Structures are given as C-alpha cells and as structure tokens.
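*Asks:* Got a structure for you, written out below as structure tokens; questions coming shortly.
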Amino acid sequence: MPKGYLALLLHAHLPFVRHPEYSNFLEEDWLFEAITETYIPLLLAYNRMRNDGVPFKVTMSLTPPLLCMLGDDILQKRYDRHLNKLVELAEKEVKRTNTNGHLNYLAQYYLDHFNELRGFWNGCNHDLISEFRKFMEIGNLDIITCGATHGYLPLMKRNPKAVNAQIKVAVDTHEQFLGVKPKGIWLPECAFYEGLDKILAKNGLRYFVVDTHGILFAHPRPKYQNYAPLFCNGSGVAAFGRDLETSVQVWSKDSGYPGDPDYREFYRDIGYDLELDYIKPYIQPNGERKNTGIKYHRITGKGGHKELYDPYWAREKAAMHSANFMYNREKQIEFLSHKMDREPFILAPYDAELFGHWWFEGPQWIEFLFRKSVYDQNTYELTHMRDYLSNNPVQQVSSPAESSWGNAGYHEFWLSDSNGWIYRHLHKAADRMTEMANKYPDAYDLYKRVLDQMARELLLAQSSDWAFIIKSDTMVEYARKRTVNHLRRFTRFYNELQSGQIDEDWLNKVEAVDNIFPQIDYKAYL
Amino acid sequence: MKVQDLTKMKKSELLVIAKKLGVKGFSRLTKKELVMKLFDFVNEGGKALQKKTRELINKIKINPPRKRRRTGLIKAVNKIKDSKDSKKSGKKVESSKKVESSPKSKKSTSTSQKSEVGNQEPANTIDNEAKARTQIESMRYMETPVFANGNAFSPAELREIDEDLPDLPLGYGDDEIHLMSRDPQWMFCYWDICDETRQKLGKSDGAQIYMKLHDITNIEFNGSNSWSIHQFILNETARWWYIPVPGKGKSFISEIGYLHDDGSWNSIGFSNPASPPPGKQSSWVHDVFITLPFDKPLPLFAEDKEINWLGSSIPSREGLFNLPKRGSERSPAPFELQSDRVNLSSPGMASVSSYISFQEGEKVVNKIPFMESDNVTFKGITSPGTEMFINEDKITVQKDGSFIFTVPFGEKHPAHKLYTLDDNGHKNEWTITLSD
C-alpha cells in the first residue's frame, strides 16, 4: 500500500497557427519545433517504456487547437518538409565539422536523432494523434481536454453561453479526434471562477485543475489543503490543486533543474551562429535568421562564454535530477501522510513544451523519473486523477476560489493596459453570436455555414494566447492582428446575416483559411 | 450621371457597385431593374454619392470583378498567375477576363507574362502539347493551391480576405457598463457611453462624471441600499478604469453618472455585480464529505436544489448557513463580520482545535477558527442607524455602519450575548460561544 500518490500532468497546447495563404510562415515553426523537440521525443520515451513493460502513468491535455493542427493535412505536409530540411542540414553539418572532433560528434548525434524522429514520423504515417491514442487505450496515458481555443474563461463569464461553447466544442473535438469523450479538463491558464464547475458538469466533465490557492482559499476551508480534491459545491465536479513544491523544482529559472550548466543552451543556435550564405536555405526566406534546432553548446554558466555540449553528461544529469525529484517526493509524501488520515495526492502539472523545447533533456528526465518511480521506491504510486477518483469516491464538498496560475495568481496578465481593450470587443462578439444563434436556431446550408464560421472566428479571437503574447511584448503585431482580424471577419458575417446578403465566395475563402474544428456546430451557443 | 453609364456595364459589375453603395434588396433583380434601381438610388443620394459611384465605376473598369470560383488545378494555377501578374503590373489587364472563356487567350496567359501584358505578340498556332508542358513547368514556380471543401484557391486570393474589412470600432455606443474582477485588490470596469447620453445627463451642463462603487455584499440591491459607496472622479474621455477593491470577500456594482454643481446626481447606469476573489483562506470551517462514484454520472440538478445521491447530498451554502440578504423579503442580515485572520495551517490539522460559533437560537450561523486564548476582537459592518449591544453594553457604531468590539474568551467567559436593534425597533439576538 503506497503512502501517497503522484500524478504528472503535461499540458500540450499551441495556438491555432496555420497560414495556407503563405508558403512559409514563421509562426508555424511553433508547431514544428514542438513536434520535433517535445511530442515525438515523448512518444519515443513512452514507446521505450511500454516495450520494457514499465507501468507508467501520465496525464496529458491535448488541446483542441493542437489536435486540429496535428490532424491537418497542410501542416503535416509542411512539417514533413521542415523535418526533411532539418535532416539535410544535419547531414551538411556532419561534413562541415569533420575537422573538429567534438563538433563532428555533436553533428552526428543530431543527424542520428533527427533520423530517429523521421523514422517515427513516417512510421506512424504522420498521425501523431493515433500514437497518443494508443497509450490512452492501454491506460498509460490519460488524455484530457482544454478550452476549445484556450479561451480565458473568467474574463468571458459575462456570457455563460460563450463559456459553454468553449467547453462544448472542446469536448466534441476531443471525441472526434480521440474517439472518446474526455472526463477531465485542464482549464486554460488554470483559470477558474465560481460557477464554471456547473458548465463543466453539464458537458460531462468530472475533474479539473486549479492553482494551489484556488483550493487553499476554497470555502468552506479544505480539510486536506490541496493534497486531496474537492467536490464542487453544487455540481460535484472534482477540483484538484496544483502542488507548488513540485512546480518550483522544475519551473524555476534559478533553482530549477533546467538551468543546470550541463544542459543544452537554448539560445545558441547555428541559425544565428553560422555564416549567412551557408545557413540561408534553413532560415527565413527573407534571409532573417531563426532557430534551426541544432545547438552545440551547453548552458555552462551565467556569462556569455559557452562550452560545447555533451549529450552523455547531460543524460547523466537528467538521471540525477530525476532521482532528486523522486527523493523529494518521497520525503514530501511521508511528511504529509503522517499529518493526514488518508493518502496525500500530489498533482504536478507542467507545460508539455517545457520538456524538450526549452529543456532539451526534459523528456529523458520524465522517462528516468517514471522508471525510477516504478522500480526504485515504495512510498508513492504514479496515478491519474481519474484513477484516484475511481478509487476514492468520498471527498469534501467546497467551492474553490477564483484564481489562475498566471502572474500573481489571478487575471492581471490577461487584463492589463496592453490587452484590456480586447474584452469589450470579445464580449460584444459573444453577445452577437448568441443573438444570431437564437435568431436562426435551425439554420441549414448557407446560413449554417455562416453561423458555424462565425463560431470559429469568435473562438479563435478568444484564444488567451493572443492576450498573453500582446502582454509579454514579443510578436505583438502578429497577436494583435489575429485578435482583430478574427473579430473583423466575425463582424462581416454578422452584418451579412443581418442584411440577408451573404457573399458565398468570401465565405469559401474564410473557411479555407480558418478551418479549425471541421465539425463545429454553432448550436453550442444556444 | 447617365443611365448609359450603367447599362454599358455588366450585371456582375453592377452587383458589386450596388453592394458597395449599400443598396438594399438588389440580389434578385434583373439587369434592367438593377440599372434603374441604382440610377434612382444614386440620383437621390446627392452629389457625394454620385461622385463615389463614378469612382467605383472607374475602378471596376480597371479591375473587373473576379468570376465566381472555379474548381480544378489548372484553373487555379491560372488564377495564381493572374493575381501574380496583376500585382506586378499594378493593374489587372483586360485579357485576364477573357481567359475564362476563350482557350486561345488562356494560352497566352499561362505561357508568358510578356504576351499577356502587352497582348501584342502575334498569335502562333496552338500547340496543345507545348501548352500543357509549359503549364506544368510553370507550376513549379507557383505557390501551391489550397484545396478546401471542393474548391481550389490560390494563396494570393486567400491573402486578400481581410482587405475590404473595416477596422474594429472604438466602441459600440450601447451605454453598457461592465465590471470585471482582476484579482483580490483590483477590479476593471469598461463602459461604452454614447455622446447623446452624456450630453443629456450632464456633459452639456458642465457636470463632472463620476463612478460610484456600491458594496452590495449580501444585499438585494435596489439602487440605493448598498452598505457603502466609494466615489471615483473620472475623465470625460476615459473608457475604462482600474478600481481598488475596498475590503475582501465582498460584492460590488459600479454606477456611472454626472454630479452637478447643485449636488444632484444623474445616473447613467449600473454595471453587473462582481465579486473579486477572496485572496485569503476562508474562515468558514465545515467539513462535509460525500460519495460520488466515478463510474456513475453526476446527478444533474436545478440551480438551488439539493442533490441526493446514494444517501449523501451536496448541501447548498444557503442550506448550511441561513444568511438572508438585506433587502430581501426574509429578515435582513443585520451585520457582517470582517475577519482578517489568515491561517495557513498544515492540511487537516489539529492546529485549529476550537471555534467561536455564532448561534441564532440553536442554529449555528457562522464559525470562526479560534486561536488566541484571551481577548478576541470582532470587526464588521451593519446598516447605519442600527444599534448593537454586547452583554447589554452598547457598541459604538460609526456613521458608515462599521463597528469594532473586543470580548474575552476562556474558561471564565465561555459565552457572550449579542443583539442588534434596527431603525424599526426590530431585535436580533445571537450567542457567541467557544466550541470544539
């Protein structure tokens, strides 16, 4: 009998970025980098563990925009092109570096690595979703959903129908891609408000995650703090709290593992380091440099001087860090189990893209952690939230508090001087959407297509990613444009419905560009 | 403008003009009807409209509207080329229109740009094989068409979808006031008040625009019965404001209006209510555990109905603590306690061993964790004008209804009696006791 439980949750999300209207689009690299550095490496690690019979358990939220992008034909083709170029570049690098032993070893390492990725990519016929699904079906992986476009729900609550659509479209999309309805949800930015749980319950969801203080500040006061879930008062949906201690060790810039000198340095990429003439075919078509994914240096230290990377050292370090993480969990759970009259439950959620993309060795760390947790200790057991709830159906009733995992624990990052202006437009559009859905509750053919496309435009405009990017002051122009253009397209459709003059030609084009949620039904707004 | 100007044009071109001018109900008309309708519309619309129409006509002569979409790769390729060429030459040449009808000119567009722009190269005999070969050859240099729902689009035409769309408006002028919580310390309010309303209610008289923040905690708000009002002076040009949250665990409504020199208040409207997050641990301790098997669906429930589920139920908060709202038909909540005590104990622990409970008769209405051994200070707020007594001693109630009192607790002082007398002489009584 274990003394407690550990559930690792990886939140895999990227905003919907797909630009068929351009043959090259820099922001599409977000997806390509995540596939190369995070999604396939994780799947490779899962495969190795399955082949070795390791009964690991991990929860992942695959958000609806990510599912739609991974399943999209154009993006798959473009990723294929991207990956082939990456292999080509690595081949060139092996030749270029043949006079430097260390560099040549690294170039060969990348070539092997990319070839392995390409083997996997082609082996699964470019269908990563099915690969994740396999692990879901054998129980290693619990896949949960998220807001349809990662909309920031507390700032949307003015129109509950708009919140409902974010949830309903997410649940439907999840089912379309994964074959089952999700039972759990990772709330976008972990942002919760009182009453949201009822909308989740209505859509068949049974559990969600809030930040630590969402549970600590619940009322009545939670008996077990955030080491046990709460059943929300009035709905019965279970709320799990994020554990702070586990989070700091991984996330923290200074004291966290990813900052170790032996790990790969993210910011030294040959896309910036090498001569322009040589690297030109692998950076932006206009000659502007960008990350290629080939990086030869390790973090080394705080200064500008960087030593060459050593994959062997880094791997040893990842193993050490996973042992340290495990040891700390054992101590934490032992301490808590003395204080509680039931087994503590520790939930450790992270952005999936942290592992691999930012922290190159992250997927290795996860694999080591799972293998060690299964074989090297008896204090805790790996679990899923759903398994825990199946085995522990008795929980305290309380109402979690409004909160998010953003800066300072609330909504300030998404509601600030730089991005506060978007809400009056988003709110207006949500009202117009429900107005039109109610006006045409049984639309078909052209009207249905317009209403469905309006729903897509509204949902896309609501992505919390745009507000986040605007606030964080990088790529602001792109994010601003995305918000504004989706709203402008939405408004034109709204005006067309009002005047009864629908431009089918234009509708065709917008459908071709914003093709997220192929099977959306605007009735989610009724 | 003459009728002939219009009759010379194609129907498709007329439709574009009608649409751009905002003529209503044009889509089902015949060409003749359309010409007349447009002609009347323009002539009635005055000189500005006539000028605009002439401009549109000229523009259309230069850029004839595209035909409805076509399917098929070759056609899409032609289109790609069309739009590319039109970009290069700055304007669209007449020949591209013919492309769609005559195979001869199709060749000229798809083979070389030169022949297309000038359209002067002597026509050669048609060589179908060469034509196909050139077409395929040229595809290498073109952007891949995008296929969607059985249509093929050139990337260039997809890039144009936002071109004619107007910018987002600054606001919608619907006199809406919306209040949002940002965090426990701050709220964010935006409003959209049209100038007409502003002029009518005070701007024209030089009155000052204000925001009033009403504390409506536990109140059925009727516009004037709030616990307290905080006033903020606004700029006439401001359209949103950050508002500091006065006190934790409360609910608010904001009101915007004009304050006139004579002290009169013209209200523009009220916002929705907002309750900022508590930002601290709850003082309410009440451990209720229920069983909800995961393999059974959740019971769906009415808003305020208790759930009965396998013998256990989810109690509603109102069911646990009967705190009627002030202003509601039930007897009012005469006061409200403000506890600042934050206690982060370890989970499920014994550090909170006893509580101070407020009882109305037999019923416990509030429970506060008790951690100090001697004197306990209570702060709170009540309706202005209410009198409060603790153990028959009168408590000083400030003008705004706030009060503070201290009583000892311990073995010698296990319980205290508290009662309030409101304006109407209505009396409410509680006992405050120490309990486990």
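Residue numbering restarts at 1 in every chain; chains get A, B, ... in the order shown in the structure tokens, and ligands count up from 1 in that same order.
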Which residues of chain A are close to chain B, meaning at most 7 Å apart when you count only C-alpha atoms, and how do they look as a ChimeraX atom specification?
*Replies:* /A:20-23,216-221,223-225,233-234,236,339-340,389-390,393-397,401-402,410-412,415,488,505,509-510,512
*Asks:* Could those residues be written to a file, using C-alpha atoms, as a PDB file, in the first residue's frame?
*Replies:*
ATOM      1  CA  PRO A  20      -2.128  28.317 -46.216  1.00  0.00           C
ATOM      2  CA  GLU A  21      -2.120  31.768 -47.768  1.00  0.00           C
ATOM      3  CA  TYR A  22       1.668  31.923 -47.348  1.00  0.00           C
ATOM      4  CA  SER A  23       4.106  29.266 -48.465  1.00  0.00           C
ATOM      5  CA  LEU A 216      -6.497  26.729  -0.248  1.00  0.00           C
ATOM      6  CA  PHE A 217      -8.916  29.661  -0.414  1.00  0.00           C
ATOM      7  CA  ALA A 218     -11.950  27.483  -1.079  1.00  0.00           C
ATOM      8  CA  HIS A 219     -14.921  27.856   1.189  1.00  0.00           C
ATOM      9  CA  PRO A 220     -15.513  26.083   3.436  1.00  0.00           C
ATOM     10  CA  ARG A 221     -11.845  25.667   4.173  1.00  0.00           C
ATOM     11  CA  LYS A 223      -9.561  19.899   5.361  1.00  0.00           C
ATOM     12  CA  TYR A 224      -6.644  18.402   3.421  1.00  0.00           C
ATOM     13  CA  GLN A 225      -5.469  21.590   1.718  1.00  0.00           C
ATOM     14  CA  ASN A 233     -20.468  22.572  -4.077  1.00  0.00           C
ATOM     15  CA  GLY A 234     -23.493  22.433  -6.308  1.00  0.00           C
ATOM     16  CA  GLY A 236     -19.980  17.509  -7.743  1.00  0.00           C
ATOM     17  CA  LYS A 339      -0.380  14.574   9.155  1.00  0.00           C
ATOM     18  CA  MET A 340      -3.362  13.298   7.226  1.00  0.00           C
ATOM     19  CA  LEU A 389     -11.314   9.428  -8.169  1.00  0.00           C
ATOM     20  CA  SER A 390     -12.423   5.911  -9.100  1.00  0.00           C
ATOM     21  CA  PRO A 393     -15.151   8.453  -4.277  1.00  0.00           C
ATOM     22  CA  VAL A 394     -15.504  10.168  -0.891  1.00  0.00           C
ATOM     23  CA  GLN A 395     -14.344  13.773  -0.893  1.00  0.00           C
ATOM     24  CA  GLN A 396     -15.047  17.038   0.835  1.00  0.00           C
ATOM     25  CA  VAL A 397     -17.606  19.467  -0.531  1.00  0.00           C
ATOM     26  CA  ALA A 401     -11.849  30.182  -5.234  1.00  0.00           C
ATOM     27  CA  GLU A 402     -11.416  32.228  -8.386  1.00  0.00           C
ATOM     28  CA  TYR A 410      -5.109  35.923 -10.917  1.00  0.00           C
ATOM     29  CA  HIS A 411      -6.025  37.596 -14.190  1.00  0.00           C
ATOM     30  CA  GLU A 412      -3.642  40.558 -14.410  1.00  0.00           C
ATOM     31  CA  LEU A 415      -6.305  42.053 -18.285  1.00  0.00           C
ATOM     32  CA  ARG A 488     -13.403  41.738 -38.251  1.00  0.00           C
ATOM     33  CA  ASP A 505     -17.342  33.402 -52.447  1.00  0.00           C
ATOM     34  CA  LYS A 509     -12.192  31.593 -48.691  1.00  0.00           C
ATOM     35  CA  VAL A 510     -12.533  32.255 -44.988  1.00  0.00           C
ATOM     36  CA  ALA A 512     -10.348  27.616 -46.310  1.00  0.00           C
TER      37      ALA A 512
END
*Asks:* In Å to one decimal, how far is atom CA of Glu93 of chain A from atom CA of Cys124 of chain A?
*Replies:*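 For atom CA of Cys124 of chain A relative to atom CA of Glu93 of chain A, the distance reads 27.3 Å.
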*Asks:* A:Leu230, A:Arg158, A:Gln364, A:Leu70: which is nearest Ser130 of chain A, counting only C-alpha atoms?
*Replies:*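 With only C-alpha atoms as the atom set, the closest residue is A:Leu70.
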*Asks:* Quick one: residues within 10 Å of Pro160 of chain A, only C-alpha atoms, excluding same-chain residues fewer than 3 positions away - as a PyMOL selection string?
*Replies:* chain A and resi 153+156-157+163-166+195-196+199+430+525
*Asks:* Write out as a PyMOL selection string all residues of segment 189-252 of chain A that backbone DSSP assigns to strand (DSSP E or B).
*Replies:* chain A and resi 192+207-210+219+230-232+238-241
